[in-house]
$ cat work24.txt   # compact mmCIF, C-alpha atoms
# COMPACT_ATOMS: atom_id res chain seq x y z
CA MET A 28 161.05 73.27 166.25
CA PHE A 29 158.01 71.09 167.01
CA PHE A 30 154.58 71.93 165.73
CA SER A 31 151.29 71.08 167.38
CA TRP A 32 148.77 69.15 165.24
CA GLN A 33 146.69 72.35 164.86
CA GLN A 34 149.70 74.17 163.45
CA LEU A 35 150.44 71.27 161.09
CA LEU A 36 146.83 71.26 159.89
CA ALA A 37 146.97 75.02 159.33
CA LEU A 38 150.23 74.68 157.41
CA ILE A 39 148.77 71.91 155.21
CA ILE A 40 145.77 74.14 154.41
CA ILE A 41 148.05 77.10 153.62
CA THR A 42 150.27 74.90 151.43
CA PHE A 43 147.19 73.67 149.57
CA PHE A 44 145.96 77.22 148.87
CA THR A 45 149.45 78.40 147.88
CA THR A 46 149.73 75.53 145.39
CA GLN A 47 146.33 76.47 143.98
CA LEU A 48 147.51 80.05 143.72
CA PHE A 49 150.52 79.05 141.62
CA LYS A 50 148.30 76.85 139.43
CA GLN A 51 145.91 79.77 138.85
CA LYS A 52 148.85 81.99 137.92
CA ARG A 53 150.25 79.40 135.51
CA ARG A 54 146.84 79.09 133.83
CA LYS A 55 146.70 82.92 133.66
CA ARG A 56 143.42 83.07 135.54
CA ILE A 57 144.68 85.81 137.85
CA ASN A 58 146.80 88.83 137.07
CA GLY A 59 150.21 89.67 138.52
CA SER A 60 149.06 92.09 141.23
CA GLU A 61 146.38 89.67 142.46
CA PHE A 62 148.95 86.88 142.58
CA ILE A 63 151.36 89.03 144.62
CA LEU A 64 148.57 90.10 147.01
CA TRP A 65 147.49 86.51 147.73
CA LEU A 66 151.08 85.27 147.90
CA ILE A 67 151.84 87.88 150.55
CA PHE A 68 148.66 86.92 152.40
CA TRP A 69 149.38 83.17 152.47
CA SER A 70 153.10 83.62 153.17
CA THR A 71 152.35 85.92 156.12
CA SER A 72 149.78 83.43 157.40
CA GLY A 73 152.30 80.57 157.08
CA LEU A 74 155.04 82.53 158.85
CA ALA A 75 152.64 83.54 161.63
CA ILE A 76 151.72 79.88 162.17
CA ILE A 77 155.38 78.75 162.15
CA PHE A 78 156.45 81.49 164.54
CA LEU A 79 153.42 81.30 166.81
CA LYS A 80 155.46 81.10 170.02
CA PRO A 81 157.62 84.17 169.20
CA LEU A 82 154.39 85.91 168.20
CA ASP A 83 152.99 85.07 171.65
CA ARG A 84 156.04 86.66 173.24
CA LEU A 85 155.78 89.70 170.98
CA THR A 86 152.11 90.11 171.89
CA ALA A 87 152.98 89.96 175.58
CA THR A 88 155.85 92.46 175.10
CA LEU A 89 153.39 94.85 173.42
CA GLY A 90 151.28 94.63 176.55
CA LEU A 91 148.32 92.87 174.92
CA SER A 92 146.51 90.30 177.02
CA ALA A 93 145.47 88.10 174.06
CA SER A 94 147.67 85.26 172.83
CA GLY A 95 149.30 85.23 169.40
CA ILE A 96 146.67 82.98 167.87
CA ASN A 97 143.90 85.32 169.06
CA ILE A 98 145.65 88.27 167.47
CA LEU A 99 145.86 86.25 164.25
CA PHE A 100 142.12 85.62 164.41
CA TYR A 101 141.40 89.31 164.95
CA LEU A 102 143.60 90.24 162.04
CA ALA A 103 142.04 87.52 159.86
CA THR A 104 138.54 88.78 160.70
CA LEU A 105 139.53 92.36 159.92
CA THR A 106 141.12 91.25 156.65
CA LEU A 107 137.98 89.31 155.70
CA PHE A 108 135.77 92.32 156.43
CA TYR A 109 138.01 94.46 154.28
CA LEU A 110 137.99 91.93 151.44
CA VAL A 111 134.18 91.60 151.57
CA PHE A 112 133.89 95.40 151.45
CA LYS A 113 136.26 95.56 148.48
CA MET A 114 134.22 92.87 146.75
CA ARG A 115 131.01 94.84 147.33
CA LEU A 116 132.59 97.90 145.75
CA HIS A 117 133.78 95.80 142.86
CA LEU A 118 130.25 94.45 142.49
CA VAL A 119 128.82 97.99 142.45
CA ARG A 120 131.20 98.91 139.64
CA LEU A 121 130.27 95.76 137.72
CA GLU A 122 126.59 96.63 138.17
CA GLN A 123 127.26 100.12 136.80
CA ASP A 124 129.00 98.67 133.76
CA LEU A 125 126.12 96.27 133.24
CA THR A 126 123.63 99.14 133.45
CA SER A 127 125.61 101.16 130.89
CA LEU A 128 125.62 98.21 128.50
CA ALA A 129 121.91 97.56 129.00
CA ARG A 130 121.18 101.26 128.48
CA ARG A 131 123.20 101.46 125.27
CA GLU A 132 121.35 98.43 123.93
CA ALA A 133 117.97 99.81 125.02
CA LEU A 134 118.57 103.24 123.47
CA ARG A 135 119.58 101.61 120.21
CA GLY A 136 116.28 99.75 120.11
CA ALA A 137 114.03 102.68 121.15
CA ARG A 138 110.71 102.43 119.34
CA SER A 139 108.57 105.47 118.64
CA GLN A 140 104.90 105.32 117.87
CA THR A 141 104.41 109.00 117.25
CA ASN A 142 102.87 108.48 113.82
CA ARG A 143 100.41 105.88 115.00
CA ALA A 144 96.80 106.65 115.77
CA THR A 145 96.03 106.81 119.47
CA PRO A 146 93.22 104.69 120.92
CA ARG A 147 91.28 107.90 121.39
CA ASP A 148 91.66 108.75 117.68
CA SER A 149 90.51 105.29 116.64
CA ASP A 150 87.58 105.43 119.07
CA SER A 151 86.37 108.65 117.51
CA LYS A 152 86.41 107.21 113.99
CA MET B 12 109.82 124.86 124.81
CA LYS B 13 109.85 121.08 124.40
CA ILE B 14 108.57 119.20 127.42
CA ALA B 15 109.38 115.51 127.70
CA CYS B 16 107.98 113.16 130.31
CA VAL B 17 109.89 110.05 131.33
CA ILE B 18 107.86 107.22 132.82
CA PRO B 19 109.83 104.26 134.17
CA ALA B 20 107.70 101.13 134.18
CA TYR B 21 108.15 97.62 135.48
CA ASN B 22 105.28 95.14 135.23
CA GLU B 23 102.73 97.95 134.98
CA ALA B 24 100.46 96.45 132.33
CA LYS B 25 97.50 97.06 134.65
CA ASN B 26 98.09 100.83 135.04
CA ILE B 27 100.18 102.02 132.10
CA ALA B 28 97.28 102.63 129.69
CA ALA B 29 95.42 104.83 132.17
CA VAL B 30 98.59 106.81 132.92
CA LEU B 31 99.55 107.33 129.26
CA GLU B 32 96.00 108.27 128.32
CA LYS B 33 96.08 111.07 130.90
CA VAL B 34 99.67 112.25 130.50
CA TYR B 35 100.31 112.40 126.77
CA PRO B 36 98.06 115.40 126.03
CA LEU B 37 100.02 117.39 128.63
CA VAL B 38 103.55 117.03 127.25
CA ASP B 39 105.34 117.19 123.90
CA GLU B 40 107.09 113.86 124.17
CA LEU B 41 106.30 110.86 126.27
CA ILE B 42 109.04 108.32 126.93
CA VAL B 43 108.23 105.01 128.58
CA VAL B 44 111.26 103.10 129.84
CA ASP B 45 110.22 99.50 130.30
CA ASP B 46 112.63 98.01 132.80
CA HIS B 47 112.37 94.51 131.33
CA SER B 48 108.78 93.83 132.43
CA HIS B 49 107.48 90.28 132.26
CA ASP B 50 103.98 91.43 131.37
CA LYS B 51 102.65 93.40 128.40
CA THR B 52 103.76 96.85 129.58
CA SER B 53 105.70 97.61 126.37
CA ALA B 54 103.02 96.22 124.06
CA ILE B 55 100.32 98.31 125.72
CA ALA B 56 102.47 101.43 125.74
CA LEU B 57 103.12 101.03 122.01
CA ASN B 58 99.42 101.63 121.35
CA TYR B 59 100.00 105.24 122.33
CA PRO B 60 102.00 108.02 120.69
CA VAL B 61 105.02 107.41 122.87
CA THR B 62 108.61 106.28 122.61
CA VAL B 63 109.20 102.95 124.28
CA ILE B 64 112.70 102.05 125.42
CA ARG B 65 113.03 98.55 126.79
CA HIS B 66 115.95 97.50 129.00
CA PRO B 67 117.24 94.06 127.94
CA ILE B 68 117.56 93.18 131.64
CA ASN B 69 115.99 94.63 134.77
CA ARG B 70 118.16 97.49 136.11
CA GLY B 71 115.94 99.33 138.58
CA GLN B 72 113.97 102.57 138.57
CA GLY B 73 116.97 104.88 138.88
CA ALA B 74 118.62 103.27 135.85
CA ALA B 75 115.37 103.52 133.87
CA LEU B 76 115.08 107.23 134.65
CA GLU B 77 118.65 107.88 133.53
CA THR B 78 117.98 105.99 130.28
CA GLY B 79 114.89 108.14 129.69
CA ASN B 80 116.81 111.32 130.52
CA GLN B 81 119.59 110.49 128.07
CA TYR B 82 117.06 109.84 125.31
CA ALA B 83 115.11 113.03 126.07
CA LEU B 84 118.22 115.21 126.18
CA LYS B 85 119.46 113.73 122.92
CA ASN B 86 116.09 114.53 121.36
CA GLY B 87 116.15 118.17 122.37
CA ALA B 88 113.95 118.25 125.47
CA ASP B 89 114.05 121.60 127.28
CA ILE B 90 112.28 120.30 130.36
CA ILE B 91 112.14 116.70 131.55
CA VAL B 92 109.37 115.56 133.89
CA HIS B 93 109.55 112.31 135.86
CA PHE B 94 106.25 110.61 136.48
CA ASP B 95 105.39 107.17 137.91
CA ALA B 96 103.67 104.42 135.94
CA ASP B 97 101.64 103.05 138.85
CA ASP B 98 98.87 105.66 138.55
CA GLN B 99 99.54 107.03 142.04
CA PHE B 100 100.40 110.57 140.92
CA LYS B 101 97.76 112.85 139.46
CA SER B 102 98.37 113.84 135.86
CA GLU B 103 96.41 117.10 136.31
CA GLU B 104 99.26 118.21 138.58
CA ILE B 105 101.83 118.10 135.76
CA PRO B 106 100.97 121.70 134.77
CA VAL B 107 101.31 122.69 138.45
CA VAL B 108 104.82 121.20 138.58
CA LEU B 109 105.73 122.77 135.22
CA ALA B 110 104.40 126.27 135.96
CA PRO B 111 107.40 127.59 137.98
CA LEU B 112 109.74 126.42 135.20
CA LEU B 113 107.69 127.95 132.41
CA ASN B 114 107.36 131.22 134.35
CA ASP B 115 111.11 131.14 135.03
CA GLU B 116 110.58 131.18 138.79
CA ALA B 117 112.66 128.02 139.27
CA ASP B 118 115.06 125.68 137.47
CA ALA B 119 113.99 122.53 139.28
CA VAL B 120 110.59 121.69 140.73
CA PHE B 121 109.88 118.80 143.06
CA GLY B 122 106.41 117.63 143.97
CA SER B 123 105.92 117.41 147.73
CA ARG B 124 103.39 115.02 149.19
CA PHE B 125 103.80 116.80 152.52
CA LEU B 126 102.70 120.17 151.17
CA GLY B 127 99.68 118.52 149.57
CA HIS B 128 96.96 116.33 151.00
CA ALA B 129 98.56 112.98 150.32
CA ASN B 130 97.10 110.23 152.43
CA PHE B 131 100.19 108.51 153.81
CA PRO B 132 100.08 105.22 155.66
CA PRO B 133 100.89 106.21 159.32
CA LEU B 134 104.17 104.26 159.44
CA LYS B 135 105.34 106.12 156.38
CA ARG B 136 104.21 109.54 157.61
CA TYR B 137 105.53 109.32 161.16
CA LEU B 138 108.59 107.09 160.92
CA ILE B 139 110.00 106.38 157.46
CA MET B 140 109.65 109.87 155.96
CA PRO B 141 110.97 111.82 158.99
CA LEU B 142 113.99 109.49 159.06
CA ALA B 143 114.56 109.95 155.33
CA ARG B 144 114.19 113.72 155.73
CA GLN B 145 116.81 113.70 158.48
CA ILE B 146 119.25 111.76 156.30
CA ASN B 147 118.66 114.22 153.47
CA ARG B 148 119.37 117.11 155.84
CA TRP B 149 122.76 115.58 156.66
CA LEU B 150 123.40 115.69 152.93
CA GLY B 151 122.38 119.34 152.79
CA VAL B 152 118.94 118.79 151.27
CA ARG B 153 116.14 120.58 153.10
CA THR B 154 113.04 119.69 151.13
CA THR B 155 109.79 118.67 152.83
CA ASP B 156 109.46 115.50 150.77
CA PRO B 157 112.64 113.42 150.85
CA GLN B 158 111.57 110.75 148.36
CA SER B 159 109.28 112.34 145.80
CA GLY B 160 109.37 110.78 142.35
CA PHE B 161 107.37 113.57 140.72
CA ARG B 162 109.84 116.20 139.51
CA ALA B 163 110.59 118.46 136.57
CA LEU B 164 113.96 120.01 135.83
CA LYS B 165 115.25 122.23 133.09
CA ARG B 166 117.60 120.78 130.50
CA GLU B 167 120.65 122.68 131.79
CA ILE B 168 120.19 121.14 135.24
CA TRP B 169 119.66 117.59 133.95
CA GLU B 170 122.82 118.00 131.88
CA GLN B 171 124.76 118.34 135.13
CA ILE B 172 123.14 115.29 136.73
CA THR B 173 123.83 111.63 136.03
CA ILE B 174 121.68 109.24 138.03
CA THR B 175 124.04 106.49 139.16
CA ASN B 176 121.90 104.80 141.81
CA ARG B 177 119.86 102.24 139.97
CA GLY B 178 117.63 101.46 142.95
CA MET B 179 115.38 103.67 145.06
CA ALA B 180 118.29 105.75 146.37
CA HIS B 181 118.02 107.74 143.13
CA CYS B 182 115.42 110.07 144.74
CA THR B 183 117.94 111.25 147.33
CA GLU B 184 120.68 111.31 144.71
CA ILE B 185 118.69 113.54 142.34
CA LEU B 186 117.74 115.92 145.17
CA PHE B 187 121.34 116.06 146.40
CA LYS B 188 122.80 116.64 142.94
CA THR B 189 120.17 119.27 142.12
CA VAL B 190 120.99 121.20 145.30
CA LYS B 191 124.68 120.90 144.44
CA THR B 192 124.15 122.66 141.09
CA GLY B 193 123.08 125.74 143.04
CA CYS B 194 119.98 126.16 140.88
CA ARG B 195 116.66 127.67 141.92
CA LEU B 196 114.73 124.80 143.50
CA LYS B 197 111.05 124.92 144.31
CA GLU B 198 108.61 122.49 145.89
CA VAL B 199 104.96 122.39 144.93
CA PRO B 200 102.19 120.49 146.68
CA ILE B 201 101.07 117.25 145.07
CA ASP B 202 98.59 114.54 145.99
CA VAL B 203 99.15 110.82 145.82
CA THR B 204 96.69 107.96 145.79
CA TYR B 205 98.37 104.96 147.38
CA HIS B 206 97.39 101.65 145.81
CA HIS B 207 99.90 99.80 147.95
CA PHE B 208 102.27 100.62 150.82
CA GLY B 209 105.35 101.14 148.65
CA GLN B 210 108.70 101.22 150.38
CA LYS B 211 109.06 99.54 153.76
CA ILE B 212 111.59 100.21 156.53
CA SER B 213 113.91 97.61 154.98
CA GLY B 214 113.75 99.67 151.76
CA GLY B 215 114.97 102.68 153.73
CA PHE B 216 118.00 100.76 154.98
CA ARG B 217 118.68 99.57 151.44
CA ILE B 218 118.68 103.20 150.28
CA ILE B 219 121.26 104.13 152.94
CA LYS B 220 123.40 101.11 152.02
CA ASP B 221 123.18 101.96 148.29
CA LEU B 222 124.11 105.60 148.91
CA LEU B 223 127.15 104.60 150.99
CA LEU B 224 128.35 101.97 148.51
CA GLN B 225 127.92 104.44 145.68
CA LYS B 226 129.89 107.05 147.61
CA PHE B 227 132.83 104.66 148.18
CA SER B 228 132.80 103.19 144.69
CA ASN B 229 133.18 106.60 143.02
$ encode --input "work24.txt" --output "structure tokens"
Amino acid sequence: MFFSWQQLLALIIITFFTTQLFKQKRRKRINGSEFILWLIFWSTSGLAIIFLKPLDRLTATLGLSASGINILFYLATLTLFYLVFKMRLHLVRLEQDLTSLARREALRGARSQTNRATPRDSDSK
Amino acid sequence: MKIACVIPAYNEAKNIAAVLEKVYPLVDELIVVDDHSHDKTSAIALNYPVTVIRHPINRGQGAALETGNQYALKNGADIIVHFDADDQFKSEEIPVVLAPLLNDEADAVFGSRFLGHANFPPLKRYLIMPLARQINRWLGVRTTDPQSGFRALKREIWEQITITNRGMAHCTEILFKTVKTGCRLKEVPIDVTYHHFGQKISGGFRIIKDLLLQKFSN
């Protein structure tokens, strides 16, 4: 099986990211489910690049006019949109947690001045 | 009946004294939530018989209101009024907003700038507000003013509402959650003096985005 230079480049990039993924896992910077998710993602990408020609044939069999690489791009774009959306939701939850923490701190430090004279009281004296 | 007024404030050193001066004789407890102002908002507020709660970081008006609500409920408030710190609302209208609650004609009262004689900038009156009203209608809220920040609700209604939108989407959120409680809701006319334009069209889109994100994140 011969690869074009674009496929080789793509495979090098995928190998680089997969290596990084294993390093992150070894250093315990990501949890198990995240590791599995990204491993599936990069493995699928690698397999799709290796089997680009069969993917082309499969695409044609399914009656789609686009080539295999185009389908990969569409899927990649959709995946990216989904990941960005998930990240936004994650950010919203983080913001909520931050607000709760800030609120707890603020309520603990609430300062009342109910016993103090008001400016109007002091003016009248 | 203990009436508490929550005033969220962010960099309002210029207006806060005038607002507190006018509001504190009208309520039993005045709570200023300083949303991490960079000016002397807190220091000025502390010259008055109020409770000042200062956020350690800026969290937005919705978050400030929820902080004030939690404090007021914990301190036995029977009615909580929300009032702005920018001196745009009229303090003499606080009794008007409170009247239906005190006479037990309603459980939640919202001030409506459309029932009053508020002088809206044209863009706001003819484009932003009708759009906001339409969005509220899709959510089942049929009030004349879709974004009023002047409101008073009874304790039992506030206990069912947690304001989760920290930005300006909290107005829609409060209206929506109030309607959902099935309580008696009333609108009363209020006037507003605009010192600046306030929310722009981009702010409206941000509200929609915040509401959607909030919906999906829950």
$ atom_distance --input "work24.txt" --atom1 "atom CA of Arg166 of chain B" --atom2 "atom CA of Arg138 of chain A"
22.6 Å
$ atom_distance --input "work24.txt" --atom1 "atom CA of Phe29 of chain A" --atom2 "atom CA of Leu66 of chain A"
24.8 Å
$ atom_distance --input "work24.txt" --atom1 "atom CA of Gln123 of chain A" --atom2 "atom CA of Tyr21 of chain B"
19.3 Å
$ residues_near_point --input "work24.txt" --point "(111.5, 126.5, 135.4)" --cutoff "9 Å" --atoms "only C-alpha atoms" --output "short mmCIF file (atom, residue, chain, number, x, y, z; two decimals) with C-alpha atoms, keeping the file's coordinate frame"
data_model
loop_
_atom_site.label_atom_id
_atom_site.label_comp_id
_atom_site.auth_asym_id
_atom_site.auth_seq_id
_atom_site.Cartn_x
_atom_site.Cartn_y
_atom_site.Cartn_z
CA ILE B 90 112.28 120.30 130.36
CA LEU B 109 105.73 122.77 135.22
CA ALA B 110 104.40 126.27 135.96
CA PRO B 111 107.40 127.59 137.98
CA LEU B 112 109.74 126.42 135.20
CA LEU B 113 107.69 127.95 132.41
CA ASN B 114 107.36 131.22 134.35
CA ASP B 115 111.11 131.14 135.03
CA GLU B 116 110.58 131.18 138.79
CA ALA B 117 112.66 128.02 139.27
CA ASP B 118 115.06 125.68 137.47
CA ALA B 119 113.99 122.53 139.28
CA VAL B 120 110.59 121.69 140.73
CA ALA B 163 110.59 118.46 136.57
CA LEU B 164 113.96 120.01 135.83
CA LYS B 165 115.25 122.23 133.09
CA ARG B 195 116.66 127.67 141.92
CA LEU B 196 114.73 124.80 143.50
#
$ residues_near_point --input "work24.txt" --point "(110.1, 114.6, 121.8)" --cutoff "12 Å" --atoms "all atoms listed in the file" --output "PyMOL selection string"
(chain A and resi 139-141) or (chain B and resi 12-17+35+38-43+60-63+79-80+82-91)
$ interface_residues --input "work24.txt" --of "chain B" --to "chain A" --cutoff "10 Å" --atoms "all atoms listed in the file" --output "number ranges by chain"
B: 28, 32, 40-47, 53, 56-71, 74-75, 77-79, 81-82, 175-177, 221, 224-229
$ closest_residue --input "work24.txt" --among "B:Asp50, B:Glu184, B:Glu103, B:Glu167" --to "Val152 of chain B" --atoms "all atoms listed in the file"
B:Glu184
$ closest_residue --input "work24.txt" --among "B:Ile27, B:Val203, B:Leu150, B:Leu142" --to "Phe216 of chain B" --atoms "only C-alpha atoms"
B:Leu142
$ closest_residue --input "work24.txt" --among "B:Pro133, B:Pro19, B:Pro141, B:Gly160" --to "Thr52 of chain B" --atoms "only C-alpha atoms"
B:Pro19
$ residues_around --input "work24.txt" --residues "Phe100 of chain B" --least-positions-apart "6" --cutoff "10 Å" --atoms "only C-alpha atoms" --output "NGL selection string"
:B and (30 or 94 or 122 or 124 or 129 or 160-161 or 201-205)
